[in-house]
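Novice: File name protein21.pdb; file contents PDB, C-alpha atoms; full text below.
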ATOM      1  CA  MET A1236      93.811  19.485 234.343
ATOM      2  CA  CYS A1237      97.504  20.056 233.609
ATOM      3  CA  ALA A1238      98.428  23.438 235.031
ATOM      4  CA  HIS A1239     101.491  25.659 234.973
ATOM      5  CA  ILE A1240     102.320  26.498 238.584
ATOM      6  CA  LEU A1241     104.803  29.154 239.599
ATOM      7  CA  VAL A1242     106.594  28.473 242.895
ATOM      8  CA  ALA A1243     108.132  31.506 244.620
ATOM      9  CA  GLU A1244     110.157  30.193 247.585
ATOM     10  CA  ASP A1245     113.602  31.332 248.746
ATOM     11  CA  ASP A1246     114.298  28.146 250.708
ATOM     12  CA  GLU A1247     115.755  25.840 248.053
ATOM     13  CA  MET A1248     114.774  22.653 249.877
ATOM     14  CA  GLN A1249     111.176  23.818 250.292
ATOM     15  CA  ALA A1250     111.048  24.964 246.679
ATOM     16  CA  GLU A1251     112.292  21.564 245.503
ATOM     17  CA  LEU A1252     109.679  19.806 247.658
ATOM     18  CA  VAL A1253     106.884  21.858 246.109
ATOM     19  CA  ARG A1254     108.239  21.393 242.598
ATOM     20  CA  ARG A1255     108.402  17.605 242.995
ATOM     21  CA  CYS A1256     104.864  17.464 244.410
ATOM     22  CA  VAL A1257     103.487  19.564 241.572
ATOM     23  CA  GLU A1258     105.228  17.600 238.825
ATOM     24  CA  ALA A1259     104.327  14.242 240.387
ATOM     25  CA  HIS A1260     100.672  15.195 239.870
ATOM     26  CA  GLY A1261     101.139  15.932 236.175
ATOM     27  CA  HIS A1262     101.573  19.701 236.335
ATOM     28  CA  THR A1263     104.505  21.824 235.201
ATOM     29  CA  ALA A1264     106.399  24.016 237.647
ATOM     30  CA  THR A1265     108.631  27.051 237.406
ATOM     31  CA  VAL A1266     110.650  27.996 240.496
ATOM     32  CA  VAL A1267     111.917  31.455 241.462
ATOM     33  CA  HIS A1268     113.585  32.527 244.695
ATOM     34  CA  ASP A1269     112.691  36.191 245.190
ATOM     35  CA  GLY A1270     109.683  38.463 244.885
ATOM     36  CA  ARG A1271     110.924  40.519 241.966
ATOM     37  CA  SER A1272     111.478  37.378 239.903
ATOM     38  CA  ALA A1273     107.997  36.172 240.893
ATOM     39  CA  VAL A1274     106.377  39.340 239.546
ATOM     40  CA  ASP A1275     108.427  39.220 236.350
ATOM     41  CA  GLU A1276     107.613  35.537 235.752
ATOM     42  CA  VAL A1277     103.876  36.065 236.301
ATOM     43  CA  LEU A1278     103.867  38.841 233.708
ATOM     44  CA  ARG A1279     106.010  36.811 231.304
ATOM     45  CA  SER A1280     104.487  33.326 231.400
ATOM     46  CA  ARG A1281     100.962  33.855 232.817
ATOM     47  CA  PRO A1282     100.916  30.790 235.106
ATOM     48  CA  ASP A1283      97.682  29.141 236.229
ATOM     49  CA  LEU A1284      98.514  29.413 239.936
ATOM     50  CA  LEU A1285     101.139  31.008 242.172
ATOM     51  CA  VAL A1286     102.517  29.269 245.274
ATOM     52  CA  LEU A1287     103.982  32.239 247.132
ATOM     53  CA  ASP A1288     106.193  32.292 250.216
ATOM     54  CA  TRP A1289     105.501  35.201 252.581
ATOM     55  CA  MET A1290     109.164  35.882 253.461
ATOM     56  CA  LEU A1291     110.836  36.451 250.109
ATOM     57  CA  PRO A1292     113.895  38.653 249.503
ATOM     58  CA  GLU A1293     113.696  41.866 247.448
ATOM     59  CA  ILE A1294     109.873  41.928 247.573
ATOM     60  CA  ASP A1295     108.026  39.888 250.177
ATOM     61  CA  GLY A1296     104.871  37.887 249.469
ATOM     62  CA  LEU A1297     102.557  40.697 250.529
ATOM     63  CA  GLY A1298     104.392  43.078 248.240
ATOM     64  CA  VAL A1299     104.009  40.649 245.346
ATOM     65  CA  CYS A1300     100.246  40.550 245.988
ATOM     66  CA  ARG A1301     100.083  44.348 246.083
ATOM     67  CA  ILE A1302     101.774  44.563 242.692
ATOM     68  CA  LEU A1303      99.869  41.788 240.947
ATOM     69  CA  ARG A1304      96.355  41.986 242.330
ATOM     70  CA  PRO A1305      94.928  45.164 240.752
ATOM     71  CA  GLY A1306      94.933  43.653 237.256
ATOM     72  CA  SER A1307      95.031  39.910 237.841
ATOM     73  CA  ASP A1308      92.736  37.108 238.994
ATOM     74  CA  LEU A1309      95.655  34.667 239.328
ATOM     75  CA  PRO A1310      94.977  32.222 242.199
ATOM     76  CA  VAL A1311      97.542  32.693 244.978
ATOM     77  CA  LEU A1312      98.373  30.108 247.640
ATOM     78  CA  MET A1313     100.586  31.697 250.267
ATOM     79  CA  LEU A1314     103.040  29.695 252.369
ATOM     80  CA  THR A1315     103.903  31.199 255.720
ATOM     81  CA  ALA A1316     105.355  30.435 259.119
ATOM     82  CA  ARG A1317     102.931  32.994 260.567
ATOM     83  CA  SER A1318      99.836  31.541 262.181
ATOM     84  CA  HIS A1319      98.219  34.572 263.827
ATOM     85  CA  GLU A1320      94.793  35.179 262.355
ATOM     86  CA  ASP A1321      95.398  38.907 261.850
ATOM     87  CA  ASP A1322      98.414  38.121 259.680
ATOM     88  CA  LEU A1323      96.396  35.698 257.587
ATOM     89  CA  LEU A1324      93.570  38.175 257.165
ATOM     90  CA  LEU A1325      96.041  40.848 256.063
ATOM     91  CA  GLY A1326      97.178  38.526 253.293
ATOM     92  CA  LEU A1327      93.578  37.924 252.231
ATOM     93  CA  GLU A1328      92.963  41.658 252.147
ATOM     94  CA  LEU A1329      95.899  42.058 249.778
ATOM     95  CA  GLY A1330      94.644  39.320 247.470
ATOM     96  CA  ALA A1331      95.879  35.887 248.565
ATOM     97  CA  ASP A1332      93.270  33.155 248.106
ATOM     98  CA  ASP A1333      94.507  30.581 250.599
ATOM     99  CA  TYR A1334      97.194  29.979 253.208
ATOM    100  CA  MET A1335      99.257  27.080 254.416
ATOM    101  CA  THR A1336     101.307  27.439 257.560
ATOM    102  CA  LYS A1337     104.680  25.748 257.728
ATOM    103  CA  PRO A1338     105.373  22.901 258.247
ATOM    104  CA  TYR A1339     102.799  21.337 255.910
ATOM    105  CA  SER A1340     102.300  17.938 254.327
ATOM    106  CA  PRO A1341     102.736  17.391 250.569
ATOM    107  CA  ARG A1342      99.306  15.762 250.509
ATOM    108  CA  GLU A1343      97.583  18.839 251.939
ATOM    109  CA  LEU A1344      99.612  21.110 249.672
ATOM    110  CA  MET A1345      98.310  19.355 246.565
ATOM    111  CA  ALA A1346      94.759  19.252 247.946
ATOM    112  CA  ARG A1347      94.841  23.027 248.341
ATOM    113  CA  ILE A1348      96.360  23.541 244.898
ATOM    114  CA  HIS A1349      93.753  21.334 243.226
ATOM    115  CA  ALA A1350      90.917  23.036 245.108
ATOM    116  CA  LEU A1351      92.085  26.415 243.834
ATOM    117  CA  LEU A1352      92.498  25.135 240.281
ATOM    118  CA  ARG A1353      88.967  23.706 240.320
ATOM    119  CA  ARG A1354      87.640  27.096 241.366
ATOM    120  CA  VAL A1355      89.039  28.798 238.289
ATOM    121  CA  GLN A1356      88.200  26.144 235.698
ATOM    122  CA  ARG A1357      85.664  27.506 233.234
ATOM    123  CA  PRO A1358      82.623  25.282 232.863
ATOM    124  CA  PRO A1359      81.702  24.598 229.204
ATOM    125  CA  VAL A1360      78.134  25.796 229.631
ATOM    126  CA  ALA A1361      76.605  28.303 232.011
ATOM    127  CA  ALA A1362      73.311  26.790 233.078
ATOM    128  CA  ASP A1363      71.692  30.091 234.002
ATOM    129  CA  GLY A1364      73.619  32.427 231.729
ATOM    130  CA  VAL A1365      74.831  35.803 232.958
ATOM    131  CA  LEU A1366      73.407  36.920 236.293
ATOM    132  CA  TRP A1367      72.363  40.566 236.339
ATOM    133  CA  VAL A1368      71.684  42.537 239.503
ATOM    134  CA  ASP A1369      70.959  46.103 238.490
ATOM    135  CA  THR A1370      74.083  47.061 236.474
ATOM    136  CA  LEU A1371      76.247  44.325 237.992
ATOM    137  CA  ALA A1372      76.804  41.301 235.720
ATOM    138  CA  VAL A1373      78.271  37.974 236.867
ATOM    139  CA  ASP A1374      79.068  35.471 234.115
ATOM    140  CA  PRO A1375      79.555  31.923 235.524
ATOM    141  CA  ALA A1376      80.808  30.478 232.233
ATOM    142  CA  ARG A1377      83.557  33.023 231.688
ATOM    143  CA  ARG A1378      84.067  33.671 235.412
ATOM    144  CA  ALA A1379      83.799  37.336 234.551
ATOM    145  CA  VAL A1380      82.277  40.283 236.391
ATOM    146  CA  SER A1381      81.384  43.748 235.170
ATOM    147  CA  CYS A1382      79.813  46.727 236.867
ATOM    148  CA  ALA A1383      78.120  49.448 234.834
ATOM    149  CA  GLY A1384      79.848  47.999 231.782
ATOM    150  CA  GLU A1385      83.335  48.115 233.289
ATOM    151  CA  PRO A1386      85.230  44.853 233.922
ATOM    152  CA  VAL A1387      85.856  43.948 237.548
ATOM    153  CA  ILE A1388      88.848  41.772 238.432
ATOM    154  CA  CYS A1389      87.969  39.341 241.247
ATOM    155  CA  THR A1390      90.031  36.767 243.077
ATOM    156  CA  PRO A1391      88.613  33.213 242.991
ATOM    157  CA  GLY A1392      87.214  33.590 246.497
ATOM    158  CA  GLU A1393      85.625  36.950 245.738
ATOM    159  CA  PHE A1394      84.058  35.552 242.583
ATOM    160  CA  GLU A1395      82.478  32.586 244.385
ATOM    161  CA  ILE A1396      80.965  34.881 247.011
ATOM    162  CA  LEU A1397      79.659  37.344 244.429
ATOM    163  CA  LEU A1398      78.235  34.500 242.345
ATOM    164  CA  ALA A1399      76.256  33.195 245.329
ATOM    165  CA  LEU A1400      74.955  36.661 246.181
ATOM    166  CA  ALA A1401      74.018  37.463 242.575
ATOM    167  CA  ALA A1402      72.148  34.183 242.180
ATOM    168  CA  GLU A1403      69.732  35.275 244.922
ATOM    169  CA  PRO A1404      69.523  39.079 245.028
ATOM    170  CA  ASP A1405      68.237  40.583 248.268
ATOM    171  CA  ARG A1406      68.675  37.286 250.120
ATOM    172  CA  VAL A1407      70.635  37.718 253.342
ATOM    173  CA  PHE A1408      73.594  35.325 253.621
ATOM    174  CA  THR A1409      75.297  34.652 256.926
ATOM    175  CA  ARG A1410      79.080  34.681 257.099
ATOM    176  CA  GLY A1411      78.986  30.936 257.613
ATOM    177  CA  GLN A1412      76.971  30.424 254.436
ATOM    178  CA  LEU A1413      79.352  32.599 252.427
ATOM    179  CA  LEU A1414      82.328  30.781 253.918
ATOM    180  CA  GLU A1415      80.903  27.583 252.460
ATOM    181  CA  CYS A1416      81.215  29.183 249.016
ATOM    182  CA  VAL A1417      84.989  29.225 249.394
ATOM    183  CA  ARG A1418      85.226  26.055 251.478
ATOM    184  CA  GLY A1419      87.994  23.794 250.304
ATOM    185  CA  TYR A1420      90.775  26.341 250.168
ATOM    186  CA  GLU A1421      90.153  28.610 253.126
ATOM    187  CA  ARG A1422      89.465  25.965 255.728
ATOM    188  CA  ALA A1423      92.012  27.378 258.156
ATOM    189  CA  ILE A1424      90.463  30.850 258.069
ATOM    190  CA  SER A1425      87.596  31.985 260.262
ATOM    191  CA  GLU A1426      84.401  33.753 259.235
ATOM    192  CA  ARG A1427      86.319  37.032 259.598
ATOM    193  CA  ALA A1428      87.768  36.201 256.188
ATOM    194  CA  ILE A1429      84.349  36.916 254.690
ATOM    195  CA  ASP A1430      84.463  40.461 256.051
ATOM    196  CA  VAL A1431      87.780  40.946 254.247
ATOM    197  CA  HIS A1432      86.372  39.624 250.970
ATOM    198  CA  ILE A1433      83.312  41.864 251.295
ATOM    199  CA  LEU A1434      85.532  44.875 251.971
ATOM    200  CA  ASN A1435      87.570  44.118 248.845
ATOM    201  CA  LEU A1436      84.454  43.608 246.722
ATOM    202  CA  ARG A1437      83.000  46.908 247.873
ATOM    203  CA  LYS A1438      86.160  48.664 246.695
ATOM    204  CA  LYS A1439      85.484  47.208 243.251
ATOM    205  CA  ILE A1440      81.706  47.608 242.791
ATOM    206  CA  GLU A1441      80.654  50.503 245.023
ATOM    207  CA  ILE A1442      80.905  54.186 244.106
ATOM    208  CA  ASP A1443      81.763  54.928 247.742
ATOM    209  CA  PRO A1444      82.923  51.752 249.548
ATOM    210  CA  ARG A1445      82.481  53.521 252.883
ATOM    211  CA  LYS A1446      78.775  53.981 252.134
ATOM    212  CA  PRO A1447      77.794  50.789 250.276
ATOM    213  CA  VAL A1448      74.457  50.631 248.489
ATOM    214  CA  ARG A1449      74.945  47.422 246.450
ATOM    215  CA  LEU A1450      76.669  45.036 248.841
ATOM    216  CA  VAL A1451      75.155  45.907 252.188
ATOM    217  CA  THR A1452      75.487  44.670 255.745
ATOM    218  CA  VAL A1453      72.453  43.287 257.530
ATOM    219  CA  PHE A1454      73.556  43.859 261.099
ATOM    220  CA  GLY A1455      73.580  40.806 263.283
ATOM    221  CA  VAL A1456      73.017  38.492 260.314
ATOM    222  CA  GLY A1457      75.368  38.916 257.341
ATOM    223  CA  TYR A1458      75.356  40.442 253.863
ATOM    224  CA  LYS A1459      73.144  40.780 250.796
ATOM    225  CA  LEU A1460      73.412  42.087 247.249
ATOM    226  CA  THR A1461      70.644  44.593 246.604
ATOM    227  CA  GLY A1462      68.940  45.704 243.426
ATOM    228  CA  GLY A1463      66.894  42.761 242.233
ATOM    229  CA  ARG A1464      67.424  40.638 239.128
ATOM    230  CA  ARG A1465      67.096  42.256 235.707
ATOM    231  CA  ALA A1466      67.753  41.351 232.108
ATOM    232  CA  PRO A1467      70.719  43.012 230.355
TER     233      PRO A1467
END
Just give me the structure as structure tokens.
Specialist:
Amino acid sequence: MCAHILVAEDDEMQAELVRRCVEAHGHTATVVHDGRSAVDEVLRSRPDLLVLDWMLPEIDGLGVCRILRPGSDLPVLMLTARSHEDDLLLGLELGADDYMTKPYSPRELMARIHALLRRVQRPPVAADGVLWVDTLAVDPARRAVSCAGEPVICTPGEFEILLALAAEPDRVFTRGQLLECVRGYERAISERAIDVHILNLRKKIEIDPRKPVRLVTVFGVGYKLTGGRRAP
């Protein structure tokens, strides 16, 4: 897969390192050095993936996520010198899909990029067709979600979790099992990341996210998607 990757990094040496890695693997890269330019370039060129530094001038990485996420499922790999778990979880809550803490190796960088790109590739055929759980529809082929007929924009990680839940309605999944759904690009994040993804999904598919009736907690175990399978 030849992808267009946008690199938003204010450190010119780091940006050049990422650009060379990306292009050495057959992808194309566009480099910007501030958050405002990152937002503008995403809207202009619609890249396949965004490598986003946390500490950008004008608008920082979290601010870029806040602006882009409501209407975009663009995969975001955030680069950061921060290693505290609460910081990483905050980024996930705002829509980042994976993190790499600095310093990092070029080999791991490309492994993370390729893992994210594989997550968003559309398979040519959906073996089971659209999965319906009550009025929630998950389409594996188009990687699309709708709820009561309205489209739902999901990050790659959110989609993988929702796909697993929709495939087996009313089954209780542990956090560890759901973490396996996003394994490969969230390896550095603990099971608390699942709670963040669930919180974000509830904001998108529940009438009242504070009182969920679709995506419910099974205390002491994990989560399940309620409603049972139905045909459209």
Novice: Counting all atoms listed in the file, figure out which residue out of A:Lys1438, A:Glu1251, A:Arg1354, A:Lys1459 gets nearest to Ala1399 of chain A.
Specialist: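 Result for the nearest residue to Ala1399 of chain A: A:Lys1459.
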Novice: Please identify all polymer residues lying at most 9 Å from the point (93.0, 37.4, 259.0) (file coordinates), using only C-alpha atoms, and present the result as a VMD selection string.
Specialist: chain A and resid 1319 to 1328 1424 to 1425 1427 to 1428 1431
Novice: Nearest to Pro1292 of chain A among A:Ile1388, A:Val1355, A:Val1267, A:Ala1238, with distances taken over all atoms listed in the file: which residue is it?
Specialist: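 For Pro1292 of chain A, the nearest of the given residues is A:Val1267.
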Novice: How many Å separate atom CA of Asp1443 of chain A from atom CA of Cys1382 of chain A?
Specialist: 13.8 Å
Novice: Report as a count of residues only all protein, DNA and RNA residues lying within 12 Å of Ala1264 of chain A, evaluated on all atoms listed in the file, omitting residues in the same chain fewer than 4 positions from it.
Specialist: 25
Novice: Report as a list in words the full result of the PyMOL selection byres ((chain A and resi 1380) around 10) when it is applied to this structure.
Specialist: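 So the PyMOL selection byres ((chain A and resi 1380) around 10) ends up selecting Val1365, Leu1366, Trp1367, Leu1371, Ala1372, Val1373, Asp1374, Pro1375, Arg1377, Arg1378, Ala1379, Ser1381, Cys1382, Gly1384, Glu1385, Pro1386, Val1387, Ile1388, Cys1389, Phe1394, Leu1397, Leu1398 and Ile1440 of chain A.
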Novice: Neighbouring residues of Arg1304 of chain A were defined as those with any atom within 12 Å, considering only C-alpha atoms; residues of the same chain fewer than 2 positions away were excluded. Please report them as number ranges by chain.
Specialist: A: 1274, 1277-1278, 1285, 1296-1302, 1306-1311, 1326-1332, 1387-1391, 1435
Novice: Quick one, how far is atom CA of Tyr1334 of chain A from atom CA of Ile1433 of chain A?
Specialist: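 Those two atoms sit 18.4 Å apart.
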Novice: For this file, the PyMOL selection byres ((chain A and resi 1293) around 7) selects which residues, as a list in words?
Specialist: Asp1269, Gly1270, Arg1271, Leu1291, Pro1292, Ile1294 and Asp1295 of chain A
Novice: Because the input lacks atoms here, generate all heavy atoms for segment 1275-1286 of chain A and report them as a PDB file, keeping the file's coordinate frame.
Specialist:
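Generated output (selection01.pdb):
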ATOM      1  N   ASP A1275     108.002  39.261 237.752  1.00  0.00           N
ATOM      2  CA  ASP A1275     108.427  39.220 236.350  1.00  0.00           C
ATOM      3  C   ASP A1275     107.932  37.945 235.661  1.00  0.00           C
ATOM      4  O   ASP A1275     107.479  37.985 234.511  1.00  0.00           O
ATOM      5  CB  ASP A1275     109.949  39.298 236.256  1.00  0.00           C
ATOM      6  CG  ASP A1275     110.486  40.662 236.668  1.00  0.00           C
ATOM      7  OD1 ASP A1275     109.693  41.621 236.726  1.00  0.00           O
ATOM      8  OD2 ASP A1275     111.701  40.749 236.949  1.00  0.00           O
ATOM      9  N   GLU A1276     108.008  36.814 236.360  1.00  0.00           N
ATOM     10  CA  GLU A1276     107.613  35.537 235.752  1.00  0.00           C
ATOM     11  C   GLU A1276     106.106  35.467 235.547  1.00  0.00           C
ATOM     12  O   GLU A1276     105.630  34.915 234.547  1.00  0.00           O
ATOM     13  CB  GLU A1276     108.087  34.373 236.616  1.00  0.00           C
ATOM     14  CG  GLU A1276     107.863  33.009 236.006  1.00  0.00           C
ATOM     15  CD  GLU A1276     108.638  32.777 234.721  1.00  0.00           C
ATOM     16  OE1 GLU A1276     109.684  33.447 234.515  1.00  0.00           O
ATOM     17  OE2 GLU A1276     108.205  31.928 233.910  1.00  0.00           O
ATOM     18  N   VAL A1277     105.332  36.022 236.483  1.00  0.00           N
ATOM     19  CA  VAL A1277     103.876  36.065 236.301  1.00  0.00           C
ATOM     20  C   VAL A1277     103.529  36.851 235.044  1.00  0.00           C
ATOM     21  O   VAL A1277     102.703  36.426 234.230  1.00  0.00           O
ATOM     22  CB  VAL A1277     103.185  36.680 237.535  1.00  0.00           C
ATOM     23  CG1 VAL A1277     101.719  37.014 237.217  1.00  0.00           C
ATOM     24  CG2 VAL A1277     103.254  35.723 238.711  1.00  0.00           C
ATOM     25  N   LEU A1278     104.161  37.999 234.867  1.00  0.00           N
ATOM     26  CA  LEU A1278     103.867  38.841 233.708  1.00  0.00           C
ATOM     27  C   LEU A1278     104.362  38.192 232.409  1.00  0.00           C
ATOM     28  O   LEU A1278     103.761  38.392 231.353  1.00  0.00           O
ATOM     29  CB  LEU A1278     104.515  40.213 233.893  1.00  0.00           C
ATOM     30  CG  LEU A1278     104.007  41.023 235.096  1.00  0.00           C
ATOM     31  CD1 LEU A1278     104.772  42.337 235.212  1.00  0.00           C
ATOM     32  CD2 LEU A1278     102.513  41.287 234.984  1.00  0.00           C
ATOM     33  N   ARG A1279     105.431  37.410 232.513  1.00  0.00           N
ATOM     34  CA  ARG A1279     106.010  36.811 231.304  1.00  0.00           C
ATOM     35  C   ARG A1279     105.257  35.561 230.865  1.00  0.00           C
ATOM     36  O   ARG A1279     104.911  35.416 229.684  1.00  0.00           O
ATOM     37  CB  ARG A1279     107.481  36.444 231.554  1.00  0.00           C
ATOM     38  CG  ARG A1279     108.208  35.946 230.319  1.00  0.00           C
ATOM     39  CD  ARG A1279     109.575  35.399 230.659  1.00  0.00           C
ATOM     40  NE  ARG A1279     109.481  34.135 231.384  1.00  0.00           N
ATOM     41  CZ  ARG A1279     109.267  32.961 230.790  1.00  0.00           C
ATOM     42  NH1 ARG A1279     109.131  32.888 229.477  1.00  0.00           N
ATOM     43  NH2 ARG A1279     109.207  31.864 231.514  1.00  0.00           N
ATOM     44  N   SER A1280     104.983  34.648 231.801  1.00  0.00           N
ATOM     45  CA  SER A1280     104.487  33.326 231.400  1.00  0.00           C
ATOM     46  C   SER A1280     103.023  33.086 231.733  1.00  0.00           C
ATOM     47  O   SER A1280     102.461  32.074 231.316  1.00  0.00           O
ATOM     48  CB  SER A1280     105.340  32.232 232.054  1.00  0.00           C
ATOM     49  OG  SER A1280     105.195  32.249 233.458  1.00  0.00           O
ATOM     50  N   ARG A1281     102.390  33.990 232.493  1.00  0.00           N
ATOM     51  CA  ARG A1281     100.962  33.855 232.817  1.00  0.00           C
ATOM     52  C   ARG A1281     100.637  32.464 233.374  1.00  0.00           C
ATOM     53  O   ARG A1281      99.890  31.692 232.769  1.00  0.00           O
ATOM     54  CB  ARG A1281     100.094  34.134 231.584  1.00  0.00           C
ATOM     55  CG  ARG A1281     100.337  35.486 230.948  1.00  0.00           C
ATOM     56  CD  ARG A1281      99.889  36.601 231.859  1.00  0.00           C
ATOM     57  NE  ARG A1281     100.128  37.910 231.251  1.00  0.00           N
ATOM     58  CZ  ARG A1281      99.869  39.076 231.847  1.00  0.00           C
ATOM     59  NH1 ARG A1281      99.353  39.070 233.064  1.00  0.00           N
ATOM     60  NH2 ARG A1281     100.116  40.209 231.243  1.00  0.00           N
ATOM     61  N   PRO A1282     101.195  32.108 234.532  1.00  0.00           N
ATOM     62  CA  PRO A1282     100.916  30.790 235.106  1.00  0.00           C
ATOM     63  C   PRO A1282      99.458  30.654 235.524  1.00  0.00           C
ATOM     64  O   PRO A1282      98.721  31.638 235.626  1.00  0.00           O
ATOM     65  CB  PRO A1282     101.850  30.738 236.322  1.00  0.00           C
ATOM     66  CG  PRO A1282     102.031  32.173 236.703  1.00  0.00           C
ATOM     67  CD  PRO A1282     102.042  32.930 235.402  1.00  0.00           C
ATOM     68  N   ASP A1283      99.061  29.406 235.792  1.00  0.00           N
ATOM     69  CA  ASP A1283      97.682  29.141 236.229  1.00  0.00           C
ATOM     70  C   ASP A1283      97.507  29.340 237.726  1.00  0.00           C
ATOM     71  O   ASP A1283      96.374  29.548 238.197  1.00  0.00           O
ATOM     72  CB  ASP A1283      97.289  27.705 235.864  1.00  0.00           C
ATOM     73  CG  ASP A1283      97.305  27.480 234.367  1.00  0.00           C
ATOM     74  OD1 ASP A1283      96.577  28.201 233.664  1.00  0.00           O
ATOM     75  OD2 ASP A1283      98.053  26.595 233.905  1.00  0.00           O
ATOM     76  N   LEU A1284      98.601  29.268 238.486  1.00  0.00           N
ATOM     77  CA  LEU A1284      98.514  29.413 239.936  1.00  0.00           C
ATOM     78  C   LEU A1284      99.885  29.791 240.468  1.00  0.00           C
ATOM     79  O   LEU A1284     100.915  29.355 239.924  1.00  0.00           O
ATOM     80  CB  LEU A1284      98.034  28.096 240.569  1.00  0.00           C
ATOM     81  CG  LEU A1284      97.783  28.090 242.087  1.00  0.00           C
ATOM     82  CD1 LEU A1284      96.561  27.231 242.425  1.00  0.00           C
ATOM     83  CD2 LEU A1284      99.004  27.541 242.842  1.00  0.00           C
ATOM     84  N   LEU A1285      99.894  30.577 241.531  1.00  0.00           N
ATOM     85  CA  LEU A1285     101.139  31.008 242.172  1.00  0.00           C
ATOM     86  C   LEU A1285     101.187  30.477 243.598  1.00  0.00           C
ATOM     87  O   LEU A1285     100.296  30.762 244.405  1.00  0.00           O
ATOM     88  CB  LEU A1285     101.231  32.534 242.178  1.00  0.00           C
ATOM     89  CG  LEU A1285     102.366  33.177 242.992  1.00  0.00           C
ATOM     90  CD1 LEU A1285     103.730  32.728 242.462  1.00  0.00           C
ATOM     91  CD2 LEU A1285     102.246  34.700 242.955  1.00  0.00           C
ATOM     92  N   VAL A1286     102.217  29.677 243.895  1.00  0.00           N
ATOM     93  CA  VAL A1286     102.517  29.269 245.274  1.00  0.00           C
ATOM     94  C   VAL A1286     103.563  30.245 245.781  1.00  0.00           C
ATOM     95  O   VAL A1286     104.693  30.278 245.275  1.00  0.00           O
ATOM     96  CB  VAL A1286     103.028  27.822 245.340  1.00  0.00           C
ATOM     97  CG1 VAL A1286     103.383  27.447 246.775  1.00  0.00           C
ATOM     98  CG2 VAL A1286     101.981  26.857 244.788  1.00  0.00           C
TER      99      VAL A1286
END
